[in-house]
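Student: Here's a structure for you.
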Amino acid sequence: MLGSAEDVHHEVGGHVLSRYGQLTPRAGYPQAAVVVGSHAVDDGQWYGRHWHTAHQLAWAERGVIAVRALGNTWVLPPTMALWIPAGTEHATGASGPVLGRSLWCRPDRCPVDWSVPTVVGVSPLLRELITHLADDGLSPAARQRAEAVALDQLVPLSVATVLAPLPRDPRACHVARALRACPADDRTLAQWGTEVGASARTLARAFAAETGLPFGQWRTRVRLQAAMPLLAGGATVAATAARVGYASPSAFVAAFRRVVGVPPGAYFSP
């Protein structure tokens with residue numbers, strides 16, 4: 001994973017990643033279109049806003065990663081990855097320990113031309129191809145074939161992504177950040193208004209205008225975001241529902257299906 005405060009260099013697949021993701025081939029190594037970088041991320045660790053000159057497919061082989069970009073947050077179990085176009089400023093973090101394995105793709109040799117972050121499914125075949133491409137011993141011809149198949153596997157998912165952007169209004173943003181930290185907090189907007197010095201109506205308008213969601217729907221999505229690392233880590237639906245503020249497992253499952261389009265079991269199945 002790459003930080004944001006300095007020019008970072010480290011070796012990945014015979015290349016050097018520098019300047020936040022620029023691919024610089026090492027002497028004697030064939031100039032690949034795709035390389036794989038592995039990185040461990042500790043529980044709660046975030047890498048601040050940065051950008052890459054290469055496209056990135058952000059994926060966690062184990063655990064759940066979150067990516068924030070363009071005012072949105074994507075929460076990704078191992079069955080999903082996020083395509084981050086070159087030049088897109090973003091931050092990446094983890095809830096629970098994560099083993100990340102990113103694909104880095106040279107824009108001048110990549111057929112994928114998505115201009116915005118895009119969620120893709122990680123099939124068993126794509127998972128194996130990522131492992132295969134991490135092998136430094138591949139011949140140029142074998143690497144070229146594997147790269148083509150891997151990039152062909154990048155298909156946008158039809159399930160909805162659980163997005164909960166922050167409002168810009170400082171009072172509403174205070175509420176939003178507090179709920180991200182404690183999603184089970186069930187205070188009403190009127191109660192929050194007493195704390196931040198704004199009426200419930202003012203806060204409601206800010207959430208609707210600046211996140212595109214009524215407050216109730218926004219809070220539901222924050223709760224689902226918090227639930228995903230728990231479910232991916234093996235927590236039961238009942239325990240997860242209680243942890244993030246639902247009165248019953250059935251209410252949690254109904255909310256998950258309503259927002260995502262599938263129940264939790266289908267979302268996390270390989």
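Residue names in the structure tokens use chain letters A, B, ... in the order shown, residue numbers from 1 in each chain, and ligand numbers from 1 in the order shown.
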Among the residues of range 79-128 of chain A, find those DSSP assigns to strand (DSSP E or B) from the backbone and print them as a short mmCIF file (atom, residue, chain, number, x, y, z; two decimals) with N, CA and C atoms, in the first residue's frame.
Tutor:
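The resulting file, out.cif, is shown below:
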data_model
loop_
_atom_site.label_atom_id
_atom_site.label_comp_id
_atom_site.auth_asym_id
_atom_site.auth_seq_id
_atom_site.Cartn_x
_atom_site.Cartn_y
_atom_site.Cartn_z
N MET A 80 -15.03 -9.04 -3.95
CA MET A 80 -15.16 -7.82 -4.75
C MET A 80 -13.86 -7.03 -4.74
N ALA A 81 -13.65 -6.25 -5.78
CA ALA A 81 -12.49 -5.37 -5.87
C ALA A 81 -12.94 -4.05 -6.48
N LEU A 82 -12.11 -3.02 -6.33
CA LEU A 82 -12.45 -1.71 -6.87
C LEU A 82 -11.39 -1.28 -7.87
N TRP A 83 -11.84 -0.99 -9.09
CA TRP A 83 -10.97 -0.42 -10.12
C TRP A 83 -10.85 1.07 -9.84
N ILE A 84 -9.62 1.55 -9.64
CA ILE A 84 -9.36 2.96 -9.36
C ILE A 84 -8.55 3.52 -10.52
N HIS A 90 -7.54 9.04 -3.63
CA HIS A 90 -8.31 8.13 -2.80
C HIS A 90 -7.56 7.83 -1.52
N ALA A 91 -8.26 7.24 -0.56
CA ALA A 91 -7.67 6.75 0.69
C ALA A 91 -8.14 5.32 0.88
N THR A 92 -7.29 4.49 1.49
CA THR A 92 -7.60 3.08 1.65
C THR A 92 -7.36 2.67 3.10
N GLY A 93 -8.26 1.85 3.64
CA GLY A 93 -8.10 1.41 5.01
C GLY A 93 -8.69 0.04 5.24
N ALA A 94 -8.61 -0.40 6.49
CA ALA A 94 -9.05 -1.75 6.84
C ALA A 94 -9.74 -1.74 8.19
N VAL A 98 -5.93 -7.18 7.19
CA VAL A 98 -6.20 -7.40 5.77
C VAL A 98 -4.91 -7.81 5.07
N LEU A 99 -5.03 -8.74 4.15
CA LEU A 99 -3.96 -9.01 3.20
C LEU A 99 -4.44 -8.52 1.84
N GLY A 100 -3.87 -7.42 1.39
CA GLY A 100 -4.26 -6.85 0.11
C GLY A 100 -3.36 -7.32 -1.01
N ARG A 101 -3.96 -7.47 -2.20
CA ARG A 101 -3.18 -7.83 -3.38
C ARG A 101 -3.70 -6.99 -4.54
N SER A 102 -3.04 -5.89 -4.78
CA SER A 102 -3.49 -4.98 -5.84
C SER A 102 -2.88 -5.35 -7.18
N LEU A 103 -3.67 -5.17 -8.22
CA LEU A 103 -3.15 -5.19 -9.59
C LEU A 103 -2.84 -3.76 -9.98
N TRP A 104 -1.67 -3.56 -10.58
CA TRP A 104 -1.28 -2.25 -11.10
C TRP A 104 -1.16 -2.37 -12.61
N CYS A 105 -1.87 -1.50 -13.31
CA CYS A 105 -1.99 -1.62 -14.76
C CYS A 105 -1.51 -0.35 -15.45
N THR A 118 -14.87 1.71 -10.11
CA THR A 118 -15.87 0.73 -10.52
C THR A 118 -15.67 -0.58 -9.77
N VAL A 119 -16.74 -1.08 -9.17
CA VAL A 119 -16.67 -2.35 -8.43
C VAL A 119 -16.77 -3.51 -9.41
N VAL A 120 -15.90 -4.50 -9.23
CA VAL A 120 -15.93 -5.71 -10.05
C VAL A 120 -15.99 -6.92 -9.13
N GLY A 121 -16.51 -8.03 -9.65
CA GLY A 121 -16.52 -9.27 -8.90
C GLY A 121 -15.19 -9.98 -9.06
#
Student: Tell me, as a list in words, which residues lie within 8 Å of Ala227 in chain A, counting only C-alpha atoms; anything in the same chain fewer than 6 positions away does not count.
Tutor: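 These residues fall inside the cut-off: Thr240, Ala241, Arg243 and Val244 of chain A.
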Student: Could you tell me how far CA of Thr194 in chain A lies from CA of Pro165 in chain A, in Å and to one decimal?
Tutor: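 The value is 22.9 Å.
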Student: Of the residues A:Arg49, A:Arg223, A:Arg177, A:Arg168, which is the one nearest to Phe207 in chain A, using only C-alpha atoms?
Tutor: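 Closest to Phe207 in chain A, using only C-alpha atoms: A:Arg168.
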Student: Give me, please, the distance in Å between CA of Thr73 in chain A and CA of Ala239 in chain A, quoted to one decimal.
Tutor: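 One can read the CA of Thr73 in chain A to CA of Ala239 in chain A distance as 23.6 Å.
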Student: Quick check for you: according to DSSP on this backbone, which residues of range 45-250 of chain A are classed as alpha helix (DSSP H)? Reply as a VMD selection string.
Tutor: chain A and resid 124 to 133 140 to 152 170 to 181 189 to 196 200 to 211 215 to 232 237 to 244 249 to 250
Student: Which polymer residues have any atom within 9 Å of an atom of Gly87 in chain A, counting only C-alpha atoms, with same-chain residues fewer than 6 positions away left out, as an MDAnalysis selection string?
Tutor: chainID A and resid 50:55
Student: Counting only C-alpha atoms, which residue out of A:Val64, A:Ala148, A:Leu70, A:Ala200 sits closest to Asp42 in chain A?
Tutor: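 Between A:Val64, A:Ala148, A:Leu70, A:Ala200, the residue approaching Asp42 in chain A most closely is A:Val64.
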Student: A:Pro167, A:Pro229, A:Gly245, A:Gly37: which is nearest Leu76 in chain A, counting only C-alpha atoms?
Tutor: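 With only C-alpha atoms as the atom set, the closest residue is A:Pro229.
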Student: For range 142-144 of chain A, find every residue with an atom within 8 Å (counting only C-alpha atoms), except residues of its own chain fewer than 4 positions away, and show them as a ChimeraX atom specification.
Tutor: /A:32-33,133,138,148
Student: Using N, CA and C atoms, can you export the residues from the last selection as a short mmCIF file (atom, residue, chain, number, x, y, z; two decimals), in the first residue's frame?
Tutor:
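Produced file selection31.cif, reproduced below:
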data_model
loop_
_atom_site.label_atom_id
_atom_site.label_comp_id
_atom_site.auth_asym_id
_atom_site.auth_seq_id
_atom_site.Cartn_x
_atom_site.Cartn_y
_atom_site.Cartn_z
N ALA A 32 6.04 -5.49 -18.29
CA ALA A 32 4.69 -6.03 -18.16
C ALA A 32 3.66 -4.91 -18.19
N ALA A 33 2.45 -5.25 -18.63
CA ALA A 33 1.34 -4.31 -18.56
C ALA A 33 0.69 -4.33 -17.19
N LEU A 133 0.02 -14.07 -11.69
CA LEU A 133 0.76 -12.90 -12.17
C LEU A 133 1.76 -12.38 -11.15
N LEU A 138 7.49 -15.92 -14.55
CA LEU A 138 6.73 -16.11 -15.78
C LEU A 138 7.52 -15.62 -16.99
N ALA A 148 -3.94 -10.74 -20.32
CA ALA A 148 -5.12 -10.56 -21.18
C ALA A 148 -6.35 -11.22 -20.56
#
Student: Just give me the gap between CA of Ala254 in chain A and CA of Ala184 in chain A in Å, one decimal is fine.
Tutor: 16.8 Å
Student: Let me make sure I understand: among A:Arg205, A:Ala178, A:Gly48, A:Gln225, which one has the smallest atom-to-atom distance to Ile65 in chain A if we use only C-alpha atoms?
Tutor: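 Answer, going by the shortest atom-to-atom distance: A:Gln225.
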